[in-house]
>>> print(open('query-v3.cif').read())   # mmCIF, C-alpha atoms and all ligand atoms
data_model
#
loop_
_atom_site.label_atom_id
_atom_site.label_comp_id
_atom_site.auth_asym_id
_atom_site.auth_seq_id
_atom_site.Cartn_x
_atom_site.Cartn_y
_atom_site.Cartn_z
CA MET I 121 5.16 -23.65 -15.09
CA ASP I 122 4.59 -20.20 -13.64
CA LYS I 123 6.70 -19.92 -10.48
CA CYS I 124 5.89 -16.28 -9.80
CA VAL I 125 3.44 -15.09 -7.14
CA LYS I 126 0.15 -13.80 -8.49
CA VAL I 127 -0.41 -10.17 -7.65
CA SER I 128 -3.79 -8.71 -8.51
CA LYS I 129 -3.89 -5.35 -10.25
CA ARG I 130 -6.14 -4.23 -7.37
CA ASN I 131 -3.51 -5.05 -4.72
CA SER I 132 -3.24 -1.92 -2.59
CA SER I 133 0.43 -2.49 -1.66
CA ILE I 134 2.31 -4.50 -4.28
CA VAL I 135 2.72 -4.28 -8.05
CA LEU I 136 4.27 -6.82 -10.39
CA ASP I 137 6.00 -5.99 -13.66
CA LYS I 138 5.64 -9.35 -15.40
CA GLU I 139 7.73 -8.15 -18.37
CA LYS I 140 10.92 -8.16 -16.29
CA CYS I 141 10.23 -11.47 -14.51
CA ASP I 142 12.50 -14.42 -15.38
CA ASN I 143 10.35 -16.93 -13.47
CA CYS I 144 13.11 -17.72 -10.94
CA GLY I 145 10.56 -18.66 -8.26
CA ILE I 146 12.25 -16.82 -5.39
CA CYS I 147 9.12 -14.82 -4.62
CA SER I 148 6.80 -17.85 -4.47
CA SER I 149 9.33 -19.68 -2.32
CA ILE I 150 9.58 -16.77 0.18
CA CYS I 151 5.81 -16.38 0.13
CA SER I 152 5.31 -20.10 0.82
CA PHE I 153 8.03 -20.85 3.38
CA ASN I 154 8.57 -17.56 5.24
CA VAL I 155 5.17 -15.94 4.84
CA GLY I 156 3.13 -19.16 4.83
CA VAL I 157 0.73 -17.95 2.15
CA TYR I 158 1.44 -18.89 -1.50
CA GLY I 159 1.82 -22.66 -1.18
CA PHE I 160 -1.15 -22.80 1.21
CA SER I 161 -3.61 -21.01 -1.04
CA ASN I 162 -6.04 -22.18 -3.65
CA GLU I 163 -6.84 -20.29 -6.84
CA SER I 164 -7.96 -17.15 -4.95
CA PHE I 165 -4.48 -16.33 -3.66
CA PRO I 166 -4.86 -13.97 -0.67
CA CYS I 167 -1.72 -11.80 -0.64
CA ILE I 168 -1.28 -10.39 2.88
CA ASN I 169 0.59 -7.34 1.53
CA CYS I 170 3.73 -7.92 3.61
CA GLY I 171 6.11 -7.01 0.77
CA SER I 172 8.68 -9.71 1.64
CA CYS I 173 8.75 -10.67 -2.04
CA THR I 174 9.62 -7.09 -3.05
CA ILE I 175 12.77 -7.19 -0.93
CA MET I 176 13.93 -10.52 -2.36
CA CYS I 177 13.03 -10.33 -6.08
CA PRO I 178 16.42 -10.12 -7.82
CA LYS I 179 14.92 -8.34 -10.84
CA LYS I 180 13.03 -5.76 -8.76
CA CYS I 181 9.92 -6.54 -10.74
CA LEU I 182 7.90 -6.82 -7.53
CA SER I 183 7.64 -3.41 -5.88
CA GLU I 184 5.65 -1.32 -3.49
CA ARG I 185 2.77 0.51 -5.16
CA ASP I 186 4.37 3.87 -5.87
CA GLU I 187 2.25 6.68 -4.43
CA THR I 188 4.79 9.50 -4.65
CA ASP I 189 2.58 11.28 -7.21
CA ILE I 190 -0.23 11.36 -4.66
CA LEU I 191 2.28 12.59 -2.06
CA ARG I 192 3.28 15.43 -4.40
CA ASP I 193 -0.35 16.39 -5.05
CA TYR I 194 -1.13 16.40 -1.34
CA LEU I 195 1.92 18.50 -0.50
CA HIS I 196 0.75 21.09 -3.05
CA SER I 197 -2.89 20.97 -1.99
CA GLY I 198 -2.70 23.93 0.40
CA LYS I 199 -4.12 21.78 3.19
CA THR I 200 -2.49 21.22 6.59
CA ILE I 201 -0.02 18.37 6.14
CA VAL I 202 0.46 16.16 9.19
CA PHE I 203 3.17 13.50 9.02
CA GLN I 204 3.84 10.71 11.49
CA VAL I 205 7.08 8.72 11.38
CA ALA I 206 7.23 5.03 12.38
CA PRO I 207 10.06 3.87 14.68
CA ALA I 208 11.69 1.50 12.16
CA ALA I 209 11.81 4.11 9.36
CA ARG I 210 14.39 6.24 11.16
CA VAL I 211 17.04 3.52 11.43
CA SER I 212 16.99 2.56 7.74
CA ILE I 213 16.44 5.64 5.59
CA GLY I 214 20.12 6.62 5.83
CA GLU I 215 20.96 3.47 3.85
CA GLU I 216 19.12 4.89 0.83
CA PHE I 217 21.61 7.78 0.96
CA GLY I 218 24.71 5.60 1.27
CA LEU I 219 25.03 5.58 5.07
CA GLU I 220 25.76 2.53 7.21
CA PRO I 221 22.70 0.59 8.45
CA GLY I 222 21.50 1.34 11.94
CA ILE I 223 22.05 5.09 12.18
CA ASN I 224 19.13 6.78 13.91
CA MET I 225 18.16 9.56 11.48
CA ALA I 226 15.04 10.79 13.33
CA GLY I 227 16.14 14.45 13.57
CA LYS I 228 17.16 14.68 9.92
CA LEU I 229 14.04 12.87 8.80
CA VAL I 230 11.90 15.46 10.60
CA SER I 231 13.87 18.26 8.84
CA ALA I 232 13.37 16.58 5.47
CA LEU I 233 9.62 16.31 6.02
CA ARG I 234 9.42 19.98 7.00
CA LEU I 235 11.40 20.89 3.88
CA ILE I 236 9.00 19.11 1.53
CA GLY I 237 5.99 20.81 3.11
CA GLY I 238 5.02 19.08 6.35
CA ASP I 239 3.26 21.46 8.74
CA TYR I 240 3.28 19.09 11.71
CA ILE I 241 5.62 16.14 12.13
CA PHE I 242 4.67 13.63 14.82
CA ASP I 243 6.41 10.55 16.15
CA THR I 244 4.51 7.25 15.77
CA THR I 245 6.37 6.17 18.91
CA PHE I 246 3.60 8.10 20.69
CA GLY I 247 1.04 5.83 18.98
CA ALA I 248 3.11 2.80 20.00
CA ASP I 249 2.98 3.95 23.64
CA LEU I 250 -0.77 4.33 23.35
CA THR I 251 -1.01 0.79 21.99
CA VAL I 252 1.06 -0.47 24.92
CA MET I 253 -1.24 1.29 27.40
CA GLU I 254 -4.34 -0.32 25.91
CA GLU I 255 -2.85 -3.73 25.14
CA ALA I 256 -1.29 -4.19 28.60
CA SER I 257 -4.64 -3.35 30.22
CA GLU I 258 -6.42 -5.73 27.85
CA LEU I 259 -4.04 -8.55 28.76
CA VAL I 260 -4.40 -7.94 32.51
CA ASP I 261 -8.18 -7.82 32.06
CA ARG I 262 -8.16 -11.18 30.26
CA ILE I 263 -6.03 -12.77 32.98
CA ASN I 264 -8.24 -11.32 35.76
CA LYS I 265 -11.35 -12.64 34.02
CA LYS I 266 -9.62 -16.01 33.48
CA ILE I 267 -10.28 -15.87 29.72
CA LYS I 268 -8.58 -18.93 28.23
CA GLY I 269 -6.24 -19.00 25.31
CA PRO I 270 -3.57 -16.69 24.04
CA MET I 271 -3.99 -13.02 23.29
CA PHE I 272 -2.32 -12.22 19.98
CA THR I 273 -0.85 -8.82 19.15
CA SER I 274 -2.63 -6.90 16.40
CA CYS I 275 -0.20 -4.16 15.38
CA CYS I 276 1.00 -5.92 12.20
CA PRO I 277 -1.70 -5.62 9.51
CA ALA I 278 -0.21 -8.43 7.43
CA TRP I 279 -0.54 -10.79 10.40
CA VAL I 280 -4.09 -9.58 11.09
CA LYS I 281 -5.02 -10.27 7.46
CA PHE I 282 -3.32 -13.68 7.66
CA CYS I 283 -5.41 -14.52 10.73
CA GLU I 284 -8.60 -13.28 9.06
CA MET I 285 -7.93 -15.31 5.92
CA PHE I 286 -6.52 -18.56 7.31
CA TYR I 287 -7.45 -18.79 11.02
CA PRO I 288 -10.74 -16.94 11.54
CA GLU I 289 -11.45 -19.19 14.54
CA TYR I 290 -8.74 -17.20 16.40
CA LEU I 291 -10.08 -13.71 15.65
CA GLY I 292 -11.49 -13.56 19.20
CA ASN I 293 -7.94 -14.00 20.46
CA LEU I 294 -6.57 -10.99 18.59
CA SER I 295 -6.06 -7.91 20.72
CA THR I 296 -8.74 -5.41 19.78
CA CYS I 297 -6.14 -2.63 19.77
CA LYS I 298 -5.66 -0.77 16.52
CA SER I 299 -2.05 -0.43 15.37
CA PRO I 300 0.12 2.48 16.61
CA ILE I 301 -0.33 4.35 13.30
CA ALA I 302 -4.10 3.92 13.38
CA MET I 303 -4.27 5.00 17.04
CA GLU I 304 -2.18 8.08 16.29
CA GLU I 305 -4.45 8.86 13.35
CA ALA I 306 -7.46 8.71 15.72
CA ILE I 307 -5.75 11.17 18.08
CA ILE I 308 -4.87 13.50 15.19
CA ARG I 309 -8.53 13.55 14.10
CA ASN I 310 -10.10 13.72 17.56
CA TYR I 311 -7.63 15.70 19.67
CA PHE I 312 -4.92 17.50 17.68
CA SER I 313 -7.42 19.01 15.22
CA LYS I 314 -9.62 20.27 18.05
CA VAL I 315 -6.75 21.69 20.14
CA ASN I 316 -5.48 23.54 17.07
CA ASN I 317 -8.93 24.44 15.77
CA ILE I 318 -8.32 22.89 12.35
CA ASP I 319 -11.21 21.38 10.42
CA ASN I 320 -10.51 17.68 9.81
CA ASP I 321 -11.38 18.18 6.13
CA ASP I 322 -8.43 20.56 5.90
CA ILE I 323 -5.97 18.00 7.22
CA ILE I 324 -4.05 15.52 5.09
CA SER I 325 -2.39 12.89 7.28
CA ILE I 326 0.52 10.87 5.95
CA SER I 327 2.51 8.12 7.65
CA ILE I 328 6.13 7.29 6.84
CA VAL I 329 6.43 3.54 7.20
CA PRO I 330 8.77 0.58 6.79
CA CYS I 331 5.83 -1.47 5.65
CA THR I 332 3.89 -2.16 2.44
CA ALA I 333 0.98 -3.66 4.43
CA LYS I 334 0.31 -0.23 5.95
CA LYS I 335 -0.94 0.83 2.50
CA MET I 336 -3.62 -1.82 2.90
CA GLU I 337 -4.30 -1.01 6.56
CA ARG I 338 -4.77 2.69 5.87
CA VAL I 339 -7.84 1.87 3.76
CA ARG I 340 -9.33 0.53 6.95
CA PHE I 341 -8.30 3.10 9.54
CA GLY I 342 -6.50 5.98 7.79
CA PRO I 343 -4.22 7.95 7.50
CA ASP I 344 -4.80 9.46 4.05
CA LEU I 345 -1.56 8.06 2.68
CA ALA I 346 1.16 5.61 3.75
CA ILE I 347 4.57 6.20 2.18
CA THR I 348 7.30 3.59 2.54
CA VAL I 349 10.94 4.39 3.28
CA ARG I 350 11.85 3.50 -0.33
CA GLU I 351 9.23 5.87 -1.74
CA LEU I 352 10.21 8.71 0.56
CA ALA I 353 13.89 8.33 -0.35
CA ARG I 354 12.93 8.40 -4.04
CA TYR I 355 10.83 11.52 -3.52
CA LEU I 356 13.58 13.33 -1.60
CA LYS I 357 16.10 12.51 -4.33
CA GLU I 358 13.70 13.86 -6.97
CA GLU I 359 13.54 17.06 -4.92
CA TYR I 360 17.38 17.14 -4.69
CA ILE I 361 17.27 16.78 -0.90
CA ASP I 362 20.22 14.94 0.60
CA ILE I 363 19.06 13.93 4.05
CA ARG I 364 22.66 13.51 5.26
CA LYS I 365 23.27 17.24 4.91
CA LEU I 366 20.26 18.42 6.92
CA LYS I 367 20.38 19.69 10.49
CA ASP I 368 18.38 17.85 13.12
CA SER I 369 14.90 19.07 13.91
CA LYS I 370 12.45 18.01 16.64
CA PHE I 371 9.06 16.36 16.37
CA ASP I 372 6.10 18.66 17.05
CA ASN I 373 4.37 18.91 20.39
CA LEU I 374 1.31 16.89 21.40
CA MET I 375 2.79 13.76 19.84
CA SER I 376 6.48 14.55 20.01
CA THR I 377 7.61 12.11 22.64
CA GLY I 378 7.65 8.40 22.88
CA SER I 379 9.14 6.12 25.50
CA GLY I 380 11.93 3.66 24.83
CA GLY I 381 9.25 0.98 24.99
CA GLY I 382 7.40 2.62 22.09
CA LEU I 383 10.60 2.88 20.08
CA ILE I 384 11.46 -0.82 20.26
CA PHE I 385 8.05 -1.63 18.74
CA GLY I 386 9.98 -1.52 15.46
CA THR I 387 11.76 -4.78 16.15
CA SER I 388 10.67 -8.35 16.90
CA GLY I 389 10.06 -8.82 20.63
CA GLY I 390 9.75 -5.08 21.20
CA VAL I 391 5.98 -5.11 21.56
CA THR I 392 6.16 -7.91 24.13
CA GLU I 393 8.92 -6.21 26.13
CA SER I 394 7.03 -2.90 26.19
CA VAL I 395 3.70 -4.53 27.10
CA MET I 396 5.33 -6.48 29.94
CA ARG I 397 6.87 -3.26 31.33
CA GLU I 398 3.37 -1.82 31.51
CA VAL I 399 1.75 -5.03 32.83
CA TYR I 400 4.28 -4.87 35.68
CA HIS I 401 3.34 -1.26 36.33
CA ILE I 402 -0.39 -2.03 36.37
CA LEU I 403 -0.04 -5.01 38.72
CA ASN I 404 2.63 -3.62 41.07
CA LYS I 405 1.89 0.11 40.85
CA LYS I 406 5.58 0.80 40.38
CA ARG I 407 8.12 0.91 37.56
CA PRO I 408 9.83 -2.31 36.48
CA LYS I 409 13.54 -2.87 36.92
CA GLY I 410 16.00 -5.60 36.00
CA LYS I 411 14.66 -8.57 34.03
CA VAL I 412 11.26 -7.01 33.28
CA LEU I 413 12.67 -3.66 32.15
CA ASN I 414 15.21 -5.47 29.97
CA PHE I 415 13.35 -8.60 28.92
CA LYS I 416 16.25 -10.02 26.94
CA SER I 417 14.85 -13.49 26.25
CA VAL I 418 12.33 -12.03 23.78
CA ARG I 419 15.03 -10.15 21.82
CA GLY I 420 16.88 -11.43 18.77
CA LEU I 421 16.13 -12.93 15.39
CA SER I 422 15.11 -16.52 16.17
CA ASN I 423 11.95 -17.43 14.30
CA ILE I 424 10.05 -18.54 17.40
CA LYS I 425 11.13 -17.23 20.80
CA GLU I 426 9.55 -18.68 23.92
CA ALA I 427 9.81 -17.03 27.31
CA SER I 428 8.03 -16.80 30.62
CA ILE I 429 8.00 -14.05 33.20
CA LYS I 430 6.50 -13.99 36.69
CA ILE I 431 4.77 -10.76 37.62
CA LYS I 432 2.86 -10.41 40.91
CA GLY I 433 2.61 -14.18 41.32
CA TYR I 434 1.36 -14.92 37.79
CA THR I 435 3.64 -16.56 35.25
CA PHE I 436 2.99 -15.17 31.79
CA ARG I 437 3.79 -17.73 29.09
CA ILE I 438 4.89 -15.95 25.95
CA ALA I 439 5.80 -16.64 22.33
CA VAL I 440 7.31 -14.12 19.93
CA ILE I 441 7.00 -15.13 16.29
CA ASN I 442 8.98 -13.77 13.36
CA GLY I 443 7.13 -14.45 10.13
CA THR I 444 3.59 -15.63 9.47
CA GLY I 445 4.99 -18.93 8.15
CA ASP I 446 6.09 -19.70 11.70
CA ALA I 447 2.80 -18.37 13.09
CA ARG I 448 1.10 -21.10 11.05
CA LYS I 449 3.28 -23.75 12.74
CA VAL I 450 2.52 -22.41 16.23
CA LEU I 451 -1.21 -22.07 15.51
CA GLU I 452 -1.35 -25.70 14.39
CA LYS I 453 0.30 -26.73 17.68
CA ILE I 454 -2.12 -24.58 19.68
CA LYS I 455 -5.02 -26.24 17.88
CA LYS I 456 -3.73 -29.64 18.90
CA LYS I 457 -3.20 -28.34 22.47
CA GLU I 458 0.51 -29.16 22.24
CA VAL I 459 1.50 -25.72 23.53
CA TYR I 460 -0.12 -23.01 25.65
CA TYR I 461 0.69 -19.31 25.80
CA ASP I 462 -0.92 -16.28 27.44
CA PHE I 463 0.53 -13.75 25.00
CA ILE I 464 1.79 -14.15 21.44
CA GLU I 465 3.45 -11.45 19.41
CA VAL I 466 3.38 -12.02 15.66
CA MET I 467 5.23 -9.90 13.14
CA ALA I 468 4.97 -10.88 9.50
CA CYS I 469 8.50 -9.75 8.65
CA GLU I 470 11.55 -11.56 9.95
CA GLY I 471 13.03 -9.32 12.64
CA GLY I 472 9.86 -7.22 12.76
CA CYS I 473 9.36 -3.86 11.08
CA ILE I 474 13.12 -3.21 10.85
CA SER I 475 13.01 -5.61 7.88
CA GLY I 476 9.61 -4.54 6.58
CA GLY I 477 8.65 -4.85 2.93
CA GLY I 478 9.00 -1.09 2.35
CA GLN I 479 12.55 -0.85 3.72
CA PRO I 480 15.67 -0.36 1.57
CA ARG I 481 16.23 -3.47 -0.55
CA VAL I 482 19.31 -5.23 0.78
CA TYR I 483 20.04 -8.94 0.54
CA ASP I 484 20.81 -9.83 4.18
CA ASN I 485 21.60 -13.54 4.33
CA THR I 486 23.90 -13.10 7.36
CA ASN I 487 21.33 -10.99 9.27
CA ASN I 488 24.01 -8.34 9.93
CA LEU I 489 21.84 -5.59 8.55
CA LYS I 490 18.84 -6.62 10.64
CA LYS I 491 21.05 -6.75 13.74
CA LYS I 492 22.37 -3.25 13.10
CA ARG I 493 18.89 -1.75 12.63
CA MET I 494 17.65 -3.71 15.67
CA ASN I 495 20.56 -2.60 17.87
CA ALA I 496 20.01 1.02 16.87
CA LEU I 497 16.53 0.81 18.43
CA TYR I 498 17.69 -1.01 21.58
CA ASN I 499 20.56 1.45 22.06
CA SER I 500 18.17 4.39 21.78
CA ASP I 501 15.79 2.73 24.28
CA LYS I 502 18.65 2.21 26.75
CA LYS I 503 19.57 5.90 26.64
CA MET I 504 16.05 7.21 27.10
CA LYS I 505 14.91 8.71 30.40
CA THR I 506 11.35 7.53 29.76
CA ARG I 507 11.25 3.81 29.04
CA CYS I 508 7.66 2.98 30.01
CA ALA I 509 4.62 4.13 28.05
CA SER I 510 2.74 5.46 31.07
CA ASP I 511 5.65 7.80 31.92
CA ASN I 512 5.34 9.55 28.56
CA PRO I 513 4.01 13.08 29.34
CA ASP I 514 2.14 13.25 26.01
CA ILE I 515 0.38 9.99 26.86
CA LYS I 516 -0.57 11.30 30.31
CA ARG I 517 -2.02 14.43 28.73
CA VAL I 518 -4.13 12.63 26.13
CA TYR I 519 -5.63 10.34 28.81
CA LYS I 520 -6.32 13.34 31.04
CA ASP I 521 -7.85 15.50 28.32
CA LEU I 522 -9.61 12.95 26.10
CA LEU I 523 -9.51 9.26 26.91
CA GLY I 524 -9.87 9.02 30.68
CA SER I 525 -8.23 5.65 31.27
CA PRO I 526 -7.20 2.61 29.22
CA LEU I 527 -10.20 0.58 28.03
CA SER I 528 -12.60 3.44 28.86
CA GLU I 529 -15.64 3.86 26.59
CA LYS I 530 -13.83 6.68 24.76
CA ALA I 531 -10.65 4.65 24.40
CA LYS I 532 -12.64 1.70 23.04
CA GLU I 533 -14.46 3.94 20.58
CA LEU I 534 -11.30 5.55 19.20
CA LEU I 535 -8.51 3.04 19.70
CA HIS I 536 -10.06 -0.42 19.38
CA THR I 537 -11.61 -2.36 16.53
CA THR I 538 -13.21 -5.62 15.46
CA TYR I 539 -12.05 -8.09 12.83
CA GLY I 540 -13.39 -10.41 10.24
CA GLY I 541 -14.58 -8.38 7.27
CA ASP I 542 -12.69 -8.44 4.00
CA GLU I 543 -14.49 -5.52 2.40
CA PHE I 544 -11.58 -3.24 3.30
CA TYR I 545 -8.95 -4.98 1.24
CA GLY I 546 -7.89 -4.05 -2.25
CA ARG I 547 -6.46 -7.46 -3.19
S1 LIG Q 1 11.35 -13.26 -7.72
FE1 LIG Q 1 11.02 -11.69 -9.28
S2 LIG Q 1 11.99 -12.53 -11.09
FE2 LIG Q 1 11.74 -14.24 -9.68
S3 LIG Q 1 9.74 -15.16 -10.23
FE3 LIG Q 1 9.35 -13.65 -8.64
S4 LIG Q 1 8.83 -11.76 -9.71
FE4 LIG Q 1 9.83 -13.12 -11.18
S1 LIG Q 2 3.40 -9.34 -0.45
FE1 LIG Q 2 3.76 -11.06 0.98
S2 LIG Q 2 1.90 -12.29 0.79
FE2 LIG Q 2 1.90 -10.91 -0.96
S3 LIG Q 2 2.89 -12.07 -2.60
FE3 LIG Q 2 4.50 -10.91 -1.59
S4 LIG Q 2 5.34 -12.29 -0.03
FE4 LIG Q 2 3.36 -13.12 -0.67
S1 LIG Q 3 6.20 -6.72 10.64
FE1 LIG Q 3 6.02 -4.51 10.52
S2 LIG Q 3 6.76 -3.99 8.49
FE2 LIG Q 3 6.29 -6.19 8.45
S3 LIG Q 3 4.17 -6.29 7.71
FE3 LIG Q 3 4.11 -6.26 9.94
S4 LIG Q 3 3.82 -4.10 10.47
FE4 LIG Q 3 4.54 -4.18 8.35
#
>>> encode(input="query-v3.cif", output="structure tokens")
Amino acid sequence: MDKCVKVSKRNSSIVLDKEKCDNCGICSSICSFNVGVYGFSNESFPCINCGSCTIMCPKKCLSERDETDILRDYLHSGKTIVFQVAPAARVSIGEEFGLEPGINMAGKLVSALRLIGGDYIFDTTFGADLTVMEEASELVDRINKKIKGPMFTSCCPAWVKFCEMFYPEYLGNLSTCKSPIAMEEAIIRNYFSKVNNIDNDDIISISIVPCTAKKMERVRFGPDLAITVRELARYLKEEYIDIRKLKDSKFDNLMSTGSGGGLIFGTSGGVTESVMREVYHILNKKRPKGKVLNFKSVRGLSNIKEASIKIKGYTFRIAVINGTGDARKVLEKIKKKEVYYDFIEVMACEGGCISGGGQPRVYDNTNNLKKKRMNALYNSDKKMKTRCASDNPDIKRVYKDLLGSPLSEKAKELLHTTYGGDEFYGR
């Protein structure tokens, strides 16, 4: 009996080398129990591109689709190369070069990207702040209008695809916000290019990601290429670049700053904590402190975290879910009206993007590695002067110059989306 997951040759994120497979069944077990897909599918197996199987396959015969050749071609194309770097990529790439997990390598990563030919290097933490601005306003709007049912986060493309495939009846509950990377891409194409007078056709945009599903998402929203941490490390080694030896460099202006709230997007619970900081700001017109600023009950690696928080007289009921397998359990309970939440964060990977399918492959049965990467993000957040999205000066400028206000017509046009089609997916 074939115990291996079935990966189509057209899958935009994952490839399978069947020759090396010894039919151990680890991948189908992960995909069934953690991801909630394989054992729940009929013949047309809908991979959600999360890459969890690529981390766990002992033979490494499941891998990210290697696009380093495309990266090389783009870097030699003579066009303007614009990189953006996701929060969770900076706390893991050092491991590929023999460093301890959980060292924040942002400065060295920026230097490495300049060295291989990046003209502009932006921080996706800016895009995360933008997502927080829009998503917090969307949540407050739903509560004000007394719209029933939970609002689900939408920044994880594997979760969005899971919802589209298995629970289409809940698509109206998904936040309409694009992901941070897709929002940042929209700002690159509609603001950065204009400010710098660069024709969009002369720009190649590339995201550095912890995530294989971003290769699938980019077909939908851009950028031109999504390169995982594993691929980037491979490329740098081929170019004889040892990231450990580089000096720190800063992200480029316009999208160079992110708040602590944007940074913790890379870990489970981080989206919720950041959104609640901004919900507090919207409702109270002042910055949060204490329990709202440090919303500790949504932190950690438990599969399903439940919390509630009272802001301006309204008690927000919240669930934070690690893994689409657990999302399936919660959705079934919601269907039966056994539970009720106002806001639900779902990340397909256990621990969030810090353990994404494109991260360094490390068997982490004690969760020590996840904790170290997670703590690196929380420690950076704690030290930051700007911890709320709306305090980010780059965010203020883009609203002033381009978007107006959250949920404005312009913001909806550029930063929001609809769901339901499957024409975007290379399966
Ligand atoms: S985990 Fe790897 S070796 Fe085991 S069945 Fe899956 S692909 Fe084959
Ligand atoms: S990428 Fe995710 S959904 Fe696809 S086969 Fe692997 S574990 Fe399953
Ligand atoms: S949790 Fe993060 S890394 Fe994992 S699939 Fe979702 S977006 Fe990608």
>>> residues_near_ligand(input="query-v3.cif", ligand="ligand LIG 2 (chain Q)", cutoff="6 Å", atoms="only C-alpha atoms and all ligand atoms", output="PyMOL selection string")
chain I and resi 125+151+157+167-173
>>> closest_atom_pairs(input="query-v3.cif", of="chain I", to="ligand LIG 3 (chain Q)", cutoff="8 Å", atoms="only C-alpha atoms and all ligand atoms", output="CSV")
residue,atom,partner,partner_atom,distance
I:Asn169,CA,Q:LIG3,S3,7.2
I:Cys170,CA,Q:LIG3,S3,4.4
I:Gly171,CA,Q:LIG3,S3,7.2
I:Cys275,CA,Q:LIG3,S4,6.3
I:Cys276,CA,Q:LIG3,S4,3.8
I:Pro277,CA,Q:LIG3,S4,5.8
I:Ala278,CA,Q:LIG3,S3,4.9
I:Trp279,CA,Q:LIG3,FE3,6.5
I:Val329,CA,Q:LIG3,S2,7.6
I:Pro330,CA,Q:LIG3,S2,5.3
I:Cys331,CA,Q:LIG3,S2,3.9
I:Thr332,CA,Q:LIG3,FE4,6.3
I:Ala333,CA,Q:LIG3,S3,5.3
I:Lys334,CA,Q:LIG3,FE4,6.3
I:Gly386,CA,Q:LIG3,FE1,7.0
I:Ser388,CA,Q:LIG3,S1,7.9
I:Gly443,CA,Q:LIG3,S1,7.8
I:Val466,CA,Q:LIG3,S1,7.8
I:Met467,CA,Q:LIG3,S1,4.2
I:Ala468,CA,Q:LIG3,S1,4.5
I:Cys469,CA,Q:LIG3,FE2,4.2
I:Glu470,CA,Q:LIG3,S1,7.2
I:Gly471,CA,Q:LIG3,S1,7.6
I:Gly472,CA,Q:LIG3,S1,4.3
I:Cys473,CA,Q:LIG3,FE1,3.4
I:Ile474,CA,Q:LIG3,S2,6.8
I:Ser475,CA,Q:LIG3,S2,6.5
I:Gly476,CA,Q:LIG3,S2,3.5
I:Gly477,CA,Q:LIG3,S2,5.9
I:Gly478,CA,Q:LIG3,S2,7.2
>>> residues_near_ligand(input="query-v3.cif", ligand="ligand LIG 1 (chain Q)", cutoff="12 Å", atoms="all atoms listed in the file", output="PyMOL selection string")
chain I and resi 121-127+134-151+158+171-183
>>> closest_residue(input="query-v3.cif", among="I:Cys508, I:Leu291, I:Met336, I:Ile454", to="I:Lys406", atoms="only C-alpha atoms")
I:Cys508
>>> closest_residue(input="query-v3.cif", among="I:Met285, I:Ala208, I:Ile361, I:Val155", to="I:Tyr498", atoms="all atoms listed in the file")
I:Ala208
>>> closest_residue(input="query-v3.cif", among="I:Leu523, I:Ile323, I:Ala302, I:Ile384", to="I:Ser197", atoms="only C-alpha atoms")
I:Ile323
>>> axis_aligned_box(input="query-v3.cif", around="stretch 341-345 of chain I", padding_each_side="5 Å", output="JSON")
{"center_x": -4.9, "center_y": 6.3, "center_z": 6.1, "size_x": 16.7, "size_y": 16.4, "size_z": 16.9}
>>> closest_residue(input="query-v3.cif", among="I:Gly420, I:Met253, I:Pro270, I:Glu216", to="I:Asn495", atoms="all atoms listed in the file")
I:Gly420
>>> residues_around(input="query-v3.cif", residues="stretch 422-430 of chain I", least_positions_apart="5", cutoff="6 Å", atoms="only C-alpha atoms", output="ChimeraX atom specification")
/I:435-442
>>> build_atoms(input="query-v3.cif", residues="stretch 276-284 of chain I", atoms="N, CA and C atoms", output="PDB file, in the coordinates of the input")
ATOM      1  N   CYS I 276       0.481  -5.632  13.548  1.00  0.00           N
ATOM      2  CA  CYS I 276       1.000  -5.920  12.200  1.00  0.00           C
ATOM      3  C   CYS I 276      -0.184  -6.250  11.285  1.00  0.00           C
ATOM      4  N   PRO I 277      -0.510  -5.379  10.335  1.00  0.00           N
ATOM      5  CA  PRO I 277      -1.700  -5.620   9.510  1.00  0.00           C
ATOM      6  C   PRO I 277      -1.597  -6.851   8.621  1.00  0.00           C
ATOM      7  N   ALA I 278      -0.364  -7.226   8.254  1.00  0.00           N
ATOM      8  CA  ALA I 278      -0.210  -8.430   7.430  1.00  0.00           C
ATOM      9  C   ALA I 278      -0.588  -9.664   8.248  1.00  0.00           C
ATOM     10  N   TRP I 279      -0.177  -9.690   9.499  1.00  0.00           N
ATOM     11  CA  TRP I 279      -0.540 -10.790  10.400  1.00  0.00           C
ATOM     12  C   TRP I 279      -2.053 -10.806  10.645  1.00  0.00           C
ATOM     13  N   VAL I 280      -2.640  -9.633  10.854  1.00  0.00           N
ATOM     14  CA  VAL I 280      -4.090  -9.580  11.090  1.00  0.00           C
ATOM     15  C   VAL I 280      -4.828 -10.152   9.867  1.00  0.00           C
ATOM     16  N   LYS I 281      -4.367  -9.760   8.681  1.00  0.00           N
ATOM     17  CA  LYS I 281      -5.020 -10.270   7.460  1.00  0.00           C
ATOM     18  C   LYS I 281      -4.817 -11.780   7.334  1.00  0.00           C
ATOM     19  N   PHE I 282      -3.614 -12.247   7.681  1.00  0.00           N
ATOM     20  CA  PHE I 282      -3.320 -13.680   7.660  1.00  0.00           C
ATOM     21  C   PHE I 282      -4.305 -14.426   8.562  1.00  0.00           C
ATOM     22  N   CYS I 283      -4.497 -13.889   9.768  1.00  0.00           N
ATOM     23  CA  CYS I 283      -5.410 -14.520  10.730  1.00  0.00           C
ATOM     24  C   CYS I 283      -6.845 -14.505  10.184  1.00  0.00           C
ATOM     25  N   GLU I 284      -7.237 -13.381   9.607  1.00  0.00           N
ATOM     26  CA  GLU I 284      -8.600 -13.280   9.060  1.00  0.00           C
ATOM     27  C   GLU I 284      -8.818 -14.271   7.925  1.00  0.00           C
TER      28      GLU I 284
END
